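A.B. asks: For reference, the file upload_17.pdb (PDB, C-alpha atoms) is included below:
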ATOM      1  CA  MET C 169      -9.716   2.324  80.743
ATOM      2  CA  PHE C 170     -11.859  -0.780  81.158
ATOM      3  CA  MET C 171     -11.350  -4.412  82.115
ATOM      4  CA  LYS C 172     -13.028  -7.771  81.589
ATOM      5  CA  MET C 173     -16.754  -7.696  82.282
ATOM      6  CA  GLU C 174     -19.202 -10.315  83.488
ATOM      7  CA  LEU C 175     -22.804 -10.578  82.305
ATOM      8  CA  LEU C 176     -24.512  -7.337  83.299
ATOM      9  CA  PRO C 177     -27.993  -6.977  84.845
ATOM     10  CA  ALA C 178     -30.690  -6.021  82.327
ATOM     11  CA  LYS C 179     -31.388  -2.692  84.057
ATOM     12  CA  THR C 180     -27.708  -1.780  83.946
ATOM     13  CA  VAL C 181     -27.606  -2.474  80.203
ATOM     14  CA  GLU C 182     -30.686  -0.288  79.799
ATOM     15  CA  ARG C 183     -29.066   2.577  81.687
ATOM     16  CA  LEU C 184     -25.799   2.238  79.753
ATOM     17  CA  SER C 185     -27.744   2.730  76.530
ATOM     18  CA  GLU C 186     -29.283   5.886  78.003
ATOM     19  CA  TYR C 187     -25.888   7.121  79.215
ATOM     20  CA  ARG C 188     -24.383   6.644  75.773
ATOM     21  CA  ARG C 189     -27.030   8.799  74.085
ATOM     22  CA  THR C 190     -26.342  11.573  76.593
ATOM     23  CA  LEU C 191     -22.577  11.215  76.251
ATOM     24  CA  ILE C 192     -22.797  11.446  72.460
ATOM     25  CA  ASN C 193     -24.675  14.731  72.838
ATOM     26  CA  CYS C 194     -22.079  15.961  75.348
ATOM     27  CA  LEU C 195     -19.293  15.138  72.908
ATOM     28  CA  LYS C 196     -21.066  17.040  70.134
ATOM     29  CA  GLU C 197     -21.202  20.035  72.458
ATOM     30  CA  GLY C 198     -17.435  19.847  72.976
ATOM     31  CA  LYS C 199     -17.459  18.344  76.477
ATOM     32  CA  GLU C 200     -14.396  16.119  77.023
ATOM     33  CA  PHE C 201     -14.892  15.037  80.649
ATOM     34  CA  ILE C 202     -17.925  14.332  82.789
ATOM     35  CA  TYR C 203     -18.431  13.545  86.486
ATOM     36  CA  SER C 204     -20.751  10.841  87.744
ATOM     37  CA  HIS C 205     -22.937  13.396  89.510
ATOM     38  CA  GLU C 206     -23.376  15.326  86.250
ATOM     39  CA  LEU C 207     -24.465  12.196  84.391
ATOM     40  CA  ALA C 208     -26.721  11.275  87.312
ATOM     41  CA  ARG C 209     -28.452  14.646  87.258
ATOM     42  CA  LEU C 210     -29.125  14.398  83.519
ATOM     43  CA  HIS C 211     -30.797  11.011  84.008
ATOM     44  CA  HIS C 212     -32.539  11.668  87.321
ATOM     45  CA  LYS C 213     -30.429   8.962  88.979
ATOM     46  CA  THR C 214     -28.189   9.044  92.018
ATOM     47  CA  ALA C 215     -24.450   9.463  91.568
ATOM     48  CA  VAL C 216     -24.036   6.201  93.479
ATOM     49  CA  GLN C 217     -26.146   4.382  90.871
ATOM     50  CA  VAL C 218     -24.171   5.868  88.003
ATOM     51  CA  ARG C 219     -20.831   4.974  89.601
ATOM     52  CA  ARG C 220     -22.066   1.439  90.252
ATOM     53  CA  ASP C 221     -23.075   1.019  86.601
ATOM     54  CA  ILE C 222     -19.721   2.356  85.430
ATOM     55  CA  MET C 223     -17.895   0.098  87.871
ATOM     56  CA  LEU C 224     -19.845  -2.947  86.639
ATOM     57  CA  MET C 225     -18.694  -2.301  83.104
ATOM     58  CA  GLY C 226     -15.116  -2.036  84.345
ATOM     59  CA  PHE C 227     -14.522   1.583  83.389
ATOM     60  CA  SER C 228     -12.563   4.113  85.442
ATOM     61  CA  GLY C 229     -12.070   7.866  85.361
ATOM     62  CA  ILE C 230      -9.349  10.389  86.053
ATOM     63  CA  GLN C 231      -9.053  11.953  89.483
ATOM     64  CA  ARG C 232     -10.272  15.554  89.573
ATOM     65  CA  LYS C 233     -11.409  15.467  85.943
ATOM     66  CA  GLY C 234     -14.022  12.755  85.946
ATOM     67  CA  TYR C 235     -14.553  10.360  83.022
ATOM     68  CA  ARG C 236     -13.347  10.925  79.476
ATOM     69  CA  VAL C 237     -16.543  11.222  77.442
ATOM     70  CA  LYS C 238     -15.170   9.706  74.208
ATOM     71  CA  GLU C 239     -13.557   6.786  76.019
ATOM     72  CA  MET C 240     -16.763   6.039  77.920
ATOM     73  CA  ILE C 241     -18.778   6.085  74.694
ATOM     74  CA  ASP C 242     -16.315   3.608  73.175
ATOM     75  CA  ALA C 243     -16.368   1.413  76.286
ATOM     76  CA  ILE C 244     -20.168   1.264  76.316
ATOM     77  CA  GLY C 245     -20.102   0.459  72.606
ATOM     78  CA  LYS C 246     -17.820  -2.524  73.220
ATOM     79  CA  ILE C 247     -20.393  -3.840  75.684
ATOM     80  CA  LEU C 248     -23.636  -3.095  73.857
ATOM     81  CA  ASP C 249     -22.605  -3.501  70.225
ATOM     82  CA  CYS C 250     -21.800  -6.721  68.396
ATOM     83  CA  LYS C 251     -18.503  -6.329  66.531
ATOM     84  CA  ASN C 252     -19.987  -7.455  63.212
ATOM     85  CA  GLY C 253     -23.416  -5.949  63.860
ATOM     86  CA  GLN C 254     -26.796  -7.661  64.256
ATOM     87  CA  ASN C 255     -29.709  -7.823  61.849
ATOM     88  CA  VAL C 256     -33.205  -6.796  62.908
ATOM     89  CA  ALA C 257     -36.682  -7.390  61.472
ATOM     90  CA  ILE C 258     -40.075  -5.820  62.194
ATOM     91  CA  VAL C 259     -43.229  -7.917  61.969
ATOM     92  CA  GLY C 260     -46.331  -5.794  61.447
ATOM     93  CA  ILE C 261     -45.953  -2.687  59.286
ATOM     94  CA  GLY C 262     -48.967  -0.720  60.446
ATOM     95  CA  HIS C 263     -48.783   2.760  61.962
ATOM     96  CA  LEU C 264     -46.594   1.667  64.886
ATOM     97  CA  GLY C 265     -44.314  -0.572  62.826
ATOM     98  CA  THR C 266     -43.809   2.181  60.253
ATOM     99  CA  ALA C 267     -43.075   4.739  62.976
ATOM    100  CA  ILE C 268     -40.522   2.396  64.579
ATOM    101  CA  LEU C 269     -38.885   1.842  61.184
ATOM    102  CA  GLN C 270     -38.622   5.565  60.475
ATOM    103  CA  TYR C 271     -37.294   6.344  63.942
ATOM    104  CA  PHE C 272     -34.856   3.449  64.041
ATOM    105  CA  THR C 273     -33.218   3.900  60.636
ATOM    106  CA  GLY C 274     -29.646   5.159  60.980
ATOM    107  CA  LYS C 275     -29.722   5.479  64.768
ATOM    108  CA  ARG C 276     -27.397   2.543  65.485
ATOM    109  CA  PRO C 277     -25.057   1.274  62.719
ATOM    110  CA  LYS C 278     -24.464  -1.991  64.581
ATOM    111  CA  LEU C 279     -28.201  -2.777  64.548
ATOM    112  CA  LYS C 280     -29.227  -3.079  60.916
ATOM    113  CA  MET C 281     -32.870  -3.115  59.891
ATOM    114  CA  THR C 282     -32.813  -5.916  57.350
ATOM    115  CA  ALA C 283     -36.366  -7.109  56.690
ATOM    116  CA  LEU C 284     -40.021  -6.263  57.271
ATOM    117  CA  PHE C 285     -42.931  -8.698  57.428
ATOM    118  CA  ASP C 286     -46.658  -8.197  56.982
ATOM    119  CA  VAL C 287     -49.759  -9.886  55.527
ATOM    120  CA  ASP C 288     -50.987  -6.895  53.527
ATOM    121  CA  LYS C 289     -50.450  -7.527  49.797
ATOM    122  CA  ASN C 290     -50.120  -3.768  49.284
ATOM    123  CA  LYS C 291     -46.991  -3.817  51.460
ATOM    124  CA  THR C 292     -45.347  -7.157  50.729
ATOM    125  CA  GLY C 293     -43.129  -7.612  47.711
ATOM    126  CA  ARG C 294     -41.812  -4.061  47.772
ATOM    127  CA  GLU C 295     -39.455  -1.851  49.748
ATOM    128  CA  ILE C 296     -40.614   0.450  52.540
ATOM    129  CA  ASN C 297     -38.074   3.101  53.528
ATOM    130  CA  GLY C 298     -35.521   1.129  51.552
ATOM    131  CA  ILE C 299     -36.154  -2.127  53.462
ATOM    132  CA  PRO C 300     -37.739  -5.133  51.680
ATOM    133  CA  CYS C 301     -41.126  -6.246  53.023
ATOM    134  CA  TYR C 302     -42.039  -9.938  52.895
ATOM    135  CA  HIS C 303     -45.136 -11.942  53.733
ATOM    136  CA  VAL C 304     -45.068 -13.423  57.246
ATOM    137  CA  ASP C 305     -45.120 -16.911  55.701
ATOM    138  CA  GLU C 306     -41.583 -16.193  54.471
ATOM    139  CA  ILE C 307     -40.195 -15.608  57.981
ATOM    140  CA  PRO C 308     -38.317 -18.969  58.222
ATOM    141  CA  GLU C 309     -36.333 -18.624  54.999
ATOM    142  CA  ILE C 310     -35.716 -14.872  55.241
ATOM    143  CA  VAL C 311     -34.534 -15.035  58.873
ATOM    144  CA  GLU C 312     -32.096 -17.787  57.953
ATOM    145  CA  ASP C 313     -30.969 -16.234  54.657
ATOM    146  CA  LYS C 314     -30.345 -12.790  56.146
ATOM    147  CA  ASN C 315     -29.056 -14.049  59.506
ATOM    148  CA  ILE C 316     -31.641 -12.039  61.453
ATOM    149  CA  GLU C 317     -31.230 -12.313  65.225
ATOM    150  CA  ILE C 318     -33.736  -9.769  66.565
ATOM    151  CA  GLY C 319     -37.461  -9.441  65.895
ATOM    152  CA  ILE C 320     -39.691  -6.474  66.765
ATOM    153  CA  ILE C 321     -43.364  -7.407  67.072
ATOM    154  CA  THR C 322     -45.909  -4.680  66.284
ATOM    155  CA  VAL C 323     -48.808  -6.834  65.064
ATOM    156  CA  PRO C 324     -52.397  -6.654  66.402
ATOM    157  CA  PRO C 325     -52.482  -8.219  69.907
ATOM    158  CA  GLU C 326     -54.362 -11.338  68.826
ATOM    159  CA  TYR C 327     -51.475 -12.303  66.532
ATOM    160  CA  ALA C 328     -48.641 -11.625  68.994
ATOM    161  CA  LYS C 329     -48.265 -15.188  70.310
ATOM    162  CA  GLU C 330     -48.363 -16.735  66.834
ATOM    163  CA  THR C 331     -45.829 -14.186  65.557
ATOM    164  CA  ALA C 332     -43.438 -14.872  68.436
ATOM    165  CA  GLU C 333     -43.660 -18.606  67.771
ATOM    166  CA  ARG C 334     -42.865 -18.045  64.085
ATOM    167  CA  LEU C 335     -39.819 -15.950  64.944
ATOM    168  CA  ILE C 336     -38.523 -18.355  67.575
ATOM    169  CA  SER C 337     -38.975 -21.349  65.278
ATOM    170  CA  ALA C 338     -37.011 -19.469  62.619
ATOM    171  CA  GLY C 339     -34.066 -19.013  65.009
ATOM    172  CA  ILE C 340     -34.600 -15.500  66.385
ATOM    173  CA  SER C 341     -32.755 -15.078  69.713
ATOM    174  CA  GLY C 342     -34.103 -11.688  70.810
ATOM    175  CA  ILE C 343     -37.634 -10.242  70.730
ATOM    176  CA  LEU C 344     -38.932  -6.747  71.439
ATOM    177  CA  ASN C 345     -42.673  -7.095  72.019
ATOM    178  CA  LEU C 346     -44.586  -3.850  71.496
ATOM    179  CA  THR C 347     -48.041  -5.396  71.726
ATOM    180  CA  THR C 348     -50.280  -5.453  74.804
ATOM    181  CA  ILE C 349     -50.115  -9.250  75.072
ATOM    182  CA  PRO C 350     -47.459 -10.739  77.423
ATOM    183  CA  LEU C 351     -45.426 -13.485  75.783
ATOM    184  CA  ASN C 352     -43.693 -16.618  77.018
ATOM    185  CA  VAL C 353     -40.426 -17.552  75.340
ATOM    186  CA  PRO C 354     -37.759 -20.254  75.849
ATOM    187  CA  GLU C 355     -34.860 -19.499  78.203
ATOM    188  CA  ASP C 356     -32.444 -19.089  75.288
ATOM    189  CA  VAL C 357     -34.519 -16.248  73.795
ATOM    190  CA  TYR C 358     -34.290 -12.794  75.363
ATOM    191  CA  LEU C 359     -37.648 -11.006  75.600
ATOM    192  CA  GLU C 360     -38.206  -7.308  76.233
ATOM    193  CA  GLU C 361     -41.810  -6.140  76.521
ATOM    194  CA  TYR C 362     -42.971  -2.557  76.368
ATOM    195  CA  ASP C 363     -46.609  -1.601  76.810
ATOM    196  CA  MET C 364     -47.342   2.053  76.083
ATOM    197  CA  ILE C 365     -50.734   1.838  77.803
ATOM    198  CA  THR C 366     -49.062   0.767  81.056
ATOM    199  CA  SER C 367     -46.503   3.548  80.735
ATOM    200  CA  LEU C 368     -49.196   6.146  80.095
ATOM    201  CA  GLU C 369     -51.253   4.916  83.068
ATOM    202  CA  LYS C 370     -48.125   5.152  85.216
ATOM    203  CA  VAL C 371     -47.584   8.753  84.125
ATOM    204  CA  ALA C 372     -51.273   9.525  84.705
ATOM    205  CA  TYR C 373     -51.154   8.047  88.214
ATOM    206  CA  PHE C 374     -48.101  10.008  89.334
ATOM    207  CA  SER C 375     -49.228  13.238  87.657
ATOM    208  CA  ARG C 376     -52.430  12.980  89.704
ATOM    209  CA  VAL C 377     -50.894  11.855  93.001
ATOM    210  CA  LEU C 378     -48.096  14.415  92.984
ATOM    211  CA  LYS C 379     -50.637  17.222  92.783
ATOM    212  CA  LYS C 380     -52.069  16.295  96.172
TER
END
Can the structure from this file be put into structure tokens for me?
C.D. replies:
Amino acid sequence: MFMKMELLPAKTVERLSEYRRTLINCLKEGKEFIYSHELARLHHKTAVQVRRDIMLMGFSGIQRKGYRVKEMIDAIGKILDCKNGQNVAIVGIGHLGTAILQYFTGKRPKLKMTALFDVDKNKTGREINGIPCYHVDEIPEIVEDKNIEIGIITVPPEYAKETAERLISAGISGILNLTTIPLNVPEDVYLEEYDMITSLEKVAYFSRVLKK
């Protein structure tokens, strides 16, 4: 069961998404119940952290049996997913943008890839993986017409700031920035930035240090 929830910390939301992927796999394997320490081990977290996240979302388990996997999946879905779904667009259909599109398609029904944007005339005006691709100049009308709320930026770094400004002006309320350029956005726009170079350098650092 679960109860009314307040706004959750960003890191908790991130972990809940990770938990749900694991729980879906557990359900496919026929697992009906799971303990916090089992979920913690699968995610390299502490059981205390997992229980705190579950408590924050207002979910509770059954003594001696743990948490019902299906019910927890549903509870996380009620937190993470918009009831009517949300529309997403990618700006920049190069190698990274195309890879994101291919990976993303069909993964989350409540997050619908609705439009693609680019400047390449060989890409605009046609469908890529079944999704229409428009010129970036069409962002304002397409975002409004298709009620797009989330933009994924995969353009060359020098165009990141301009692209973010276009999306924000068009009414986008959430941005995933996959370029190497940090962005500044208004308080009413949620920004998530992921830099693969930083992540790789982090892995390289710890792989070296842990050998000593």
A.B. asks: Which residues are close to C:Gly298, i.e. within 12 Å by all atoms listed in the file, leaving aside same-chain residues fewer than 6 positions away? Reply as a list in words.
C.D. replies: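 Once the nearby chain positions are removed, what remains is Leu269, Gln270, Thr273, Gly274, Met281, Thr282, Ala283 and Leu284 of chain C.
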A.B. asks: Fewer than 3 positions away in the same chain doesn't count, so skip those; otherwise give me all residues within 8 Å of stretch 356-369 of chain C, counting only C-alpha atoms, as a tab-separated table (two decimals) with C-alpha atoms, keeping the file's coordinate frame.
C.D. replies:
chain	number	residue	atom	x	y	z
C	336	ILE	CA	-38.52	-18.36	67.58
C	340	ILE	CA	-34.60	-15.50	66.39
C	341	SER	CA	-32.76	-15.08	69.71
C	342	GLY	CA	-34.10	-11.69	70.81
C	343	ILE	CA	-37.63	-10.24	70.73
C	344	LEU	CA	-38.93	-6.75	71.44
C	345	ASN	CA	-42.67	-7.10	72.02
C	346	LEU	CA	-44.59	-3.85	71.50
C	347	THR	CA	-48.04	-5.40	71.73
C	348	THR	CA	-50.28	-5.45	74.80
C	350	PRO	CA	-47.46	-10.74	77.42
C	353	VAL	CA	-40.43	-17.55	75.34
C	372	ALA	CA	-51.27	9.52	84.70
C	373	TYR	CA	-51.15	8.05	88.21
A.B. asks: Using all atoms listed in the file, pick whichever of C:Glu309, C:Ile320, C:Gly293, C:Asp286 has the shortest atom-to-atom distance to C:Ile268.
C.D. replies: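 Under the stated criterion, the closest residue is C:Ile320.
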A.B. asks: Quick one: everything within 9 Å of C:Lys238, counting all atoms listed in the file, minus sequence neighbours fewer than 3 positions away in the same chain. Send it as a list in words.
C.D. replies: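 Skipping anything fewer than 3 positions along the chain leaves Leu191, Ile192, Leu195, Glu200, Phe201, Tyr235, Ile241, Asp242 and Ala243 of chain C.
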A.B. asks: Expressed in Å to a single decimal, how great is the separation between atom CA of C:Glu182 and atom CA of C:Val259?
C.D. replies: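 Atom CA of C:Glu182 sits 23.1 Å away from atom CA of C:Val259.
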A.B. asks: Do you have the atom CA of C:Lys289-atom CA of C:Ala328 distance handy?
C.D. replies: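 Pair atom CA of C:Lys289 / atom CA of C:Ala328 returns 19.7 Å.
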A.B. asks: What lies within 10 Å of C:Thr180 using only C-alpha atoms, ignoring chain neighbours under 6 positions off, as a PyMOL selection string?
C.D. replies: chain C and resi 186+217-218+220-222+224-225
A.B. asks: Check what the PyMOL selection byres ((chain C and resi 194) around 12) selects in the file above and give those residues as a PyMOL selection string.
C.D. replies: chain C and resi 187-193+195-203+206-207+210+236-238+240-241
A.B. asks: Could you tell me how far atom CA of C:Pro324 sits from atom CA of C:Arg294, in Å to one decimal place?
C.D. replies: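 Computing the Euclidean distance for atom CA of C:Arg294 and atom CA of C:Pro324 yields 21.6 Å.
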